[in-house]
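Q: Starting off with a structure, shown below.
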Amino acid sequence: HVTIDGYDLRDVSIDSLRSQLGVVPQEPFLFNGTIRDNVAFARRDATDEEVMDACRAVGLQGLMDRMPDGMDTPIHERGASLSAGERQLVALARAFLARPRVLVLDEATSNLDLLSESVIEQALDSLLEGRTAILIAHRLATAMRADRIAVVDDGRIVEHGTHDELVALGGHYADMVDTWLRHAEHLPADS
């Protein structure tokens, strides 16, 4: 059986679960509106101060400072006017504002350049504090921040444990770490 925060999911109503769950997908849903509208979508009763705090908490302030209209900068449908990293920051600010007890991040860093990934990783530190999170990730830097890691191969969990336990095990995860480290050795120093 599956439990979250000690509650067996079989004993929890779907409405109760949905009210406590936040999801940030690989391609976040953004609509034609402003940055403020897209972040506040998480909580329609949020004050401007709360929306701004959420934006600051995930590092979205820099983007808004560069935009002439700040929080009132229009975002085109699906966030077409923003980079992949900026779209993720808006989605993370939305999740931060919602303050779910359980957060699911589905490949939140998969399509980002190194600079955007660094900003997102810092945002995750703020967002994940004090809550249960399920991170679906292919990037090792994202997986390593988890307390527990489950390695899935062909739809089955083949290993689980901490980063150190899985490296010591010498299985699938250790192979991925080894490949990542060998690749990192060949990157230019300024990457």
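Just remember, in the structure tokens the first chain shown is A, the second B, etc., residues are 1-based per chain, and ligands are 1-based in the order shown.
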With only C-alpha atoms as the counted atoms, please give the residues lying no more than 8 Å from Pro25 of chain A, apart from itself and same-chain residues fewer than 2 positions off, as a PyMOL selection string.
A: chain A and resi 23+27-28+105-108
Q: Identify all residues of segment 140-177 of chain A in strand (DSSP E or B) (DSSP on the backbone) and supply them as a list of chain:residue names.
A: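 In segment 140-177 of chain A, DSSP puts these residues in strand (DSSP E or B): A:Ile149, A:Ala150, A:Val151, A:Val152, A:Asp153, A:Arg156, A:Ile157, A:Val158, A:Glu159, A:His160, A:Gly161.
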Q: Please produce a file of the residues just selected, as a PDB file, in the first residue's frame, where the atoms kept are N, CA and C atoms.
A:
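Result written to again_8.pdb:
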```
ATOM      1  N   ILE A 149      15.635   7.617  -3.219  1.00  0.00           N
ATOM      2  CA  ILE A 149      15.614   7.547  -4.677  1.00  0.00           C
ATOM      3  C   ILE A 149      15.109   6.162  -5.076  1.00  0.00           C
ATOM      4  N   ALA A 150      14.184   6.142  -6.023  1.00  0.00           N
ATOM      5  CA  ALA A 150      13.721   4.878  -6.598  1.00  0.00           C
ATOM      6  C   ALA A 150      14.146   4.874  -8.060  1.00  0.00           C
ATOM      7  N   VAL A 151      14.858   3.844  -8.455  1.00  0.00           N
ATOM      8  CA  VAL A 151      15.299   3.708  -9.841  1.00  0.00           C
ATOM      9  C   VAL A 151      14.280   2.832 -10.566  1.00  0.00           C
ATOM     10  N   VAL A 152      13.701   3.372 -11.629  1.00  0.00           N
ATOM     11  CA  VAL A 152      12.676   2.660 -12.385  1.00  0.00           C
ATOM     12  C   VAL A 152      13.277   2.236 -13.722  1.00  0.00           C
ATOM     13  N   ASP A 153      13.115   0.970 -14.046  1.00  0.00           N
ATOM     14  CA  ASP A 153      13.584   0.439 -15.323  1.00  0.00           C
ATOM     15  C   ASP A 153      12.473  -0.437 -15.893  1.00  0.00           C
ATOM     16  N   ARG A 156       9.362  -0.849 -13.703  1.00  0.00           N
ATOM     17  CA  ARG A 156       9.468  -1.480 -12.379  1.00  0.00           C
ATOM     18  C   ARG A 156      10.541  -0.784 -11.553  1.00  0.00           C
ATOM     19  N   ILE A 157      10.313  -0.713 -10.245  1.00  0.00           N
ATOM     20  CA  ILE A 157      11.345  -0.189  -9.348  1.00  0.00           C
ATOM     21  C   ILE A 157      12.385  -1.286  -9.176  1.00  0.00           C
ATOM     22  N   VAL A 158      13.615  -1.006  -9.618  1.00  0.00           N
ATOM     23  CA  VAL A 158      14.676  -2.014  -9.559  1.00  0.00           C
ATOM     24  C   VAL A 158      15.659  -1.751  -8.423  1.00  0.00           C
ATOM     25  N   GLU A 159      15.707  -0.520  -7.931  1.00  0.00           N
ATOM     26  CA  GLU A 159      16.570  -0.169  -6.795  1.00  0.00           C
ATOM     27  C   GLU A 159      15.920   0.982  -6.047  1.00  0.00           C
ATOM     28  N   HIS A 160      16.180   1.044  -4.753  1.00  0.00           N
ATOM     29  CA  HIS A 160      15.760   2.224  -3.999  1.00  0.00           C
ATOM     30  C   HIS A 160      16.663   2.380  -2.784  1.00  0.00           C
ATOM     31  N   GLY A 161      16.864   3.628  -2.406  1.00  0.00           N
ATOM     32  CA  GLY A 161      17.718   3.944  -1.268  1.00  0.00           C
ATOM     33  C   GLY A 161      18.180   5.383  -1.364  1.00  0.00           C
TER      34      GLY A 161
END
```
Q: May I have the residues within 12 Å of Ser126 of chain A as a VMD selection string, using only C-alpha atoms and disregarding those fewer than 5 positions away in the same chain?
A: chain A and resid 53 to 59 92 to 93 95 to 97 99 119 to 121 131
Q: Rounded to one decimal, what separation in Å do you get between atom CA of Val24 of chain A and atom CA of Gln88 of chain A?
A: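 Computed distance, atom CA of Val24 of chain A to atom CA of Gln88 of chain A, equals 8.1 Å.
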Q: Report, in Å to a single decimal, how far apart atom CA of Met176 of chain A and atom CA of Gly155 of chain A are.
A: 17.2 Å
Q: Return the single residue from A:Glu129, A:Asp154, A:Glu50, A:Asp8 that is closest to Leu103 of chain A, with distances computed using only C-alpha atoms.
A: A:Glu129
Q: Need the shell around segment 66-75 of chain A: protein/DNA/RNA residues with any atom at most 9 Å away, counting only C-alpha atoms. Skip same-chain ones fewer than 6 positions apart. Format as JSON, numbers by chain?
A: {"A": [30, 31, 32, 33, 34, 35, 36, 37, 38, 52, 81, 82]}
Q: From the options A:Arg94, A:His172, A:His163, A:Arg148, which residue's atoms come nearest to Phe41 of chain A, counting only C-alpha atoms?
A: A:Arg94
Q: Could you go through segment 60-167 of chain A and tell me which residues DSSP, when run on the backbone, assigns to alpha helix (DSSP H), listing them as a VMD selection string?
A: chain A and resid 61 to 66 84 to 98 114 to 128 140 to 143 163 to 167
Q: Keeping N, CA and C atoms for every residue in the selection just given, could you write it to a file as a short mmCIF file (atom, residue, chain, number, x, y, z; two decimals), in the first residue's frame?
A:
```cif
data_model
loop_
_atom_site.label_atom_id
_atom_site.label_comp_id
_atom_site.auth_asym_id
_atom_site.auth_seq_id
_atom_site.Cartn_x
_atom_site.Cartn_y
_atom_site.Cartn_z
N GLN A 61 11.90 37.05 -9.64
CA GLN A 61 12.05 38.50 -9.50
C GLN A 61 12.94 39.08 -10.61
N GLY A 62 14.02 38.39 -10.94
CA GLY A 62 14.93 38.88 -11.98
C GLY A 62 14.24 39.08 -13.31
N LEU A 63 13.41 38.12 -13.69
CA LEU A 63 12.65 38.23 -14.94
C LEU A 63 11.72 39.43 -14.88
N MET A 64 11.01 39.57 -13.79
CA MET A 64 10.05 40.67 -13.68
C MET A 64 10.75 42.03 -13.66
N ASP A 65 11.94 42.08 -13.08
CA ASP A 65 12.70 43.34 -13.07
C ASP A 65 13.12 43.75 -14.48
N ARG A 66 13.36 42.76 -15.35
CA ARG A 66 13.77 43.04 -16.73
C ARG A 66 12.59 43.42 -17.62
N ALA A 84 12.14 28.35 -21.73
CA ALA A 84 11.73 27.15 -20.98
C ALA A 84 11.97 27.35 -19.49
N GLY A 85 13.10 27.94 -19.14
CA GLY A 85 13.41 28.19 -17.73
C GLY A 85 12.44 29.17 -17.09
N GLU A 86 12.09 30.22 -17.82
CA GLU A 86 11.14 31.21 -17.30
C GLU A 86 9.75 30.59 -17.11
N ARG A 87 9.34 29.74 -18.04
CA ARG A 87 8.05 29.05 -17.89
C ARG A 87 8.05 28.18 -16.63
N GLN A 88 9.16 27.47 -16.40
CA GLN A 88 9.26 26.64 -15.20
C GLN A 88 9.20 27.48 -13.94
N LEU A 89 9.86 28.64 -13.95
CA LEU A 89 9.83 29.51 -12.77
C LEU A 89 8.42 29.99 -12.47
N VAL A 90 7.65 30.33 -13.50
CA VAL A 90 6.26 30.74 -13.29
C VAL A 90 5.47 29.58 -12.67
N ALA A 91 5.68 28.36 -13.19
CA ALA A 91 4.98 27.19 -12.65
C ALA A 91 5.40 26.91 -11.21
N LEU A 92 6.69 27.08 -10.91
CA LEU A 92 7.16 26.86 -9.54
C LEU A 92 6.62 27.93 -8.60
N ALA A 93 6.53 29.18 -9.07
CA ALA A 93 5.94 30.24 -8.24
C ALA A 93 4.48 29.91 -7.94
N ARG A 94 3.78 29.41 -8.94
CA ARG A 94 2.38 29.00 -8.75
C ARG A 94 2.29 27.91 -7.68
N ALA A 95 3.17 26.92 -7.76
CA ALA A 95 3.17 25.84 -6.76
C ALA A 95 3.53 26.37 -5.38
N PHE A 96 4.48 27.30 -5.33
CA PHE A 96 4.88 27.89 -4.05
C PHE A 96 3.70 28.62 -3.42
N LEU A 97 2.96 29.36 -4.23
CA LEU A 97 1.80 30.11 -3.74
C LEU A 97 0.71 29.16 -3.22
N ALA A 98 0.52 28.04 -3.89
CA ALA A 98 -0.51 27.07 -3.49
C ALA A 98 -0.14 26.38 -2.18
N LEU A 114 22.06 25.16 -18.65
CA LEU A 114 22.72 25.07 -17.34
C LEU A 114 22.40 26.26 -16.44
N LEU A 115 22.31 27.47 -17.01
CA LEU A 115 22.01 28.65 -16.20
C LEU A 115 20.60 28.56 -15.64
N SER A 116 19.64 28.23 -16.49
CA SER A 116 18.25 28.08 -16.03
C SER A 116 18.15 26.96 -15.01
N GLU A 117 18.86 25.86 -15.25
CA GLU A 117 18.82 24.74 -14.31
C GLU A 117 19.31 25.17 -12.94
N SER A 118 20.36 25.98 -12.91
CA SER A 118 20.90 26.46 -11.63
C SER A 118 19.87 27.30 -10.88
N VAL A 119 19.18 28.19 -11.59
CA VAL A 119 18.14 29.02 -10.97
C VAL A 119 16.99 28.14 -10.47
N ILE A 120 16.58 27.15 -11.27
CA ILE A 120 15.49 26.26 -10.89
C ILE A 120 15.89 25.43 -9.67
N GLU A 121 17.13 24.93 -9.64
CA GLU A 121 17.59 24.13 -8.50
C GLU A 121 17.52 24.96 -7.22
N GLN A 122 17.90 26.24 -7.28
CA GLN A 122 17.79 27.12 -6.11
C GLN A 122 16.32 27.31 -5.73
N ALA A 123 15.46 27.45 -6.72
CA ALA A 123 14.02 27.61 -6.45
C ALA A 123 13.47 26.36 -5.77
N LEU A 124 13.94 25.20 -6.20
CA LEU A 124 13.47 23.95 -5.60
C LEU A 124 13.83 23.86 -4.13
N ASP A 125 15.02 24.37 -3.76
CA ASP A 125 15.40 24.37 -2.35
C ASP A 125 14.35 25.07 -1.51
N SER A 126 13.87 26.21 -1.99
CA SER A 126 12.85 26.97 -1.28
C SER A 126 11.50 26.27 -1.33
N LEU A 127 11.15 25.76 -2.48
CA LEU A 127 9.83 25.17 -2.69
C LEU A 127 9.65 23.85 -1.93
N LEU A 128 10.69 23.05 -1.85
CA LEU A 128 10.57 21.71 -1.27
C LEU A 128 10.66 21.70 0.25
N LEU A 140 20.70 13.81 -12.89
CA LEU A 140 21.27 13.35 -11.64
C LEU A 140 21.27 14.45 -10.57
N ALA A 141 21.53 15.69 -10.97
CA ALA A 141 21.56 16.79 -10.00
C ALA A 141 20.21 16.93 -9.30
N THR A 142 19.13 16.66 -10.01
CA THR A 142 17.80 16.71 -9.41
C THR A 142 17.57 15.50 -8.51
N ALA A 143 17.91 14.32 -8.99
CA ALA A 143 17.70 13.09 -8.22
C ALA A 143 18.49 13.10 -6.92
N HIS A 163 21.24 8.25 -2.12
CA HIS A 163 22.27 8.37 -3.16
C HIS A 163 23.47 7.49 -2.81
N ASP A 164 23.98 7.64 -1.58
CA ASP A 164 25.17 6.89 -1.17
C ASP A 164 24.93 5.38 -1.18
N GLU A 165 23.75 4.96 -0.71
CA GLU A 165 23.43 3.53 -0.70
C GLU A 165 23.39 2.97 -2.12
N LEU A 166 22.81 3.72 -3.03
CA LEU A 166 22.67 3.23 -4.40
C LEU A 166 24.01 3.21 -5.13
N VAL A 167 24.87 4.19 -4.85
CA VAL A 167 26.21 4.17 -5.45
C VAL A 167 26.97 2.95 -4.95
#
```
Q: When you draw a straight line from atom CA of Ala42 of chain A to atom CA of Gly22 of chain A, how long is it in Å?
A: 9.3 Å
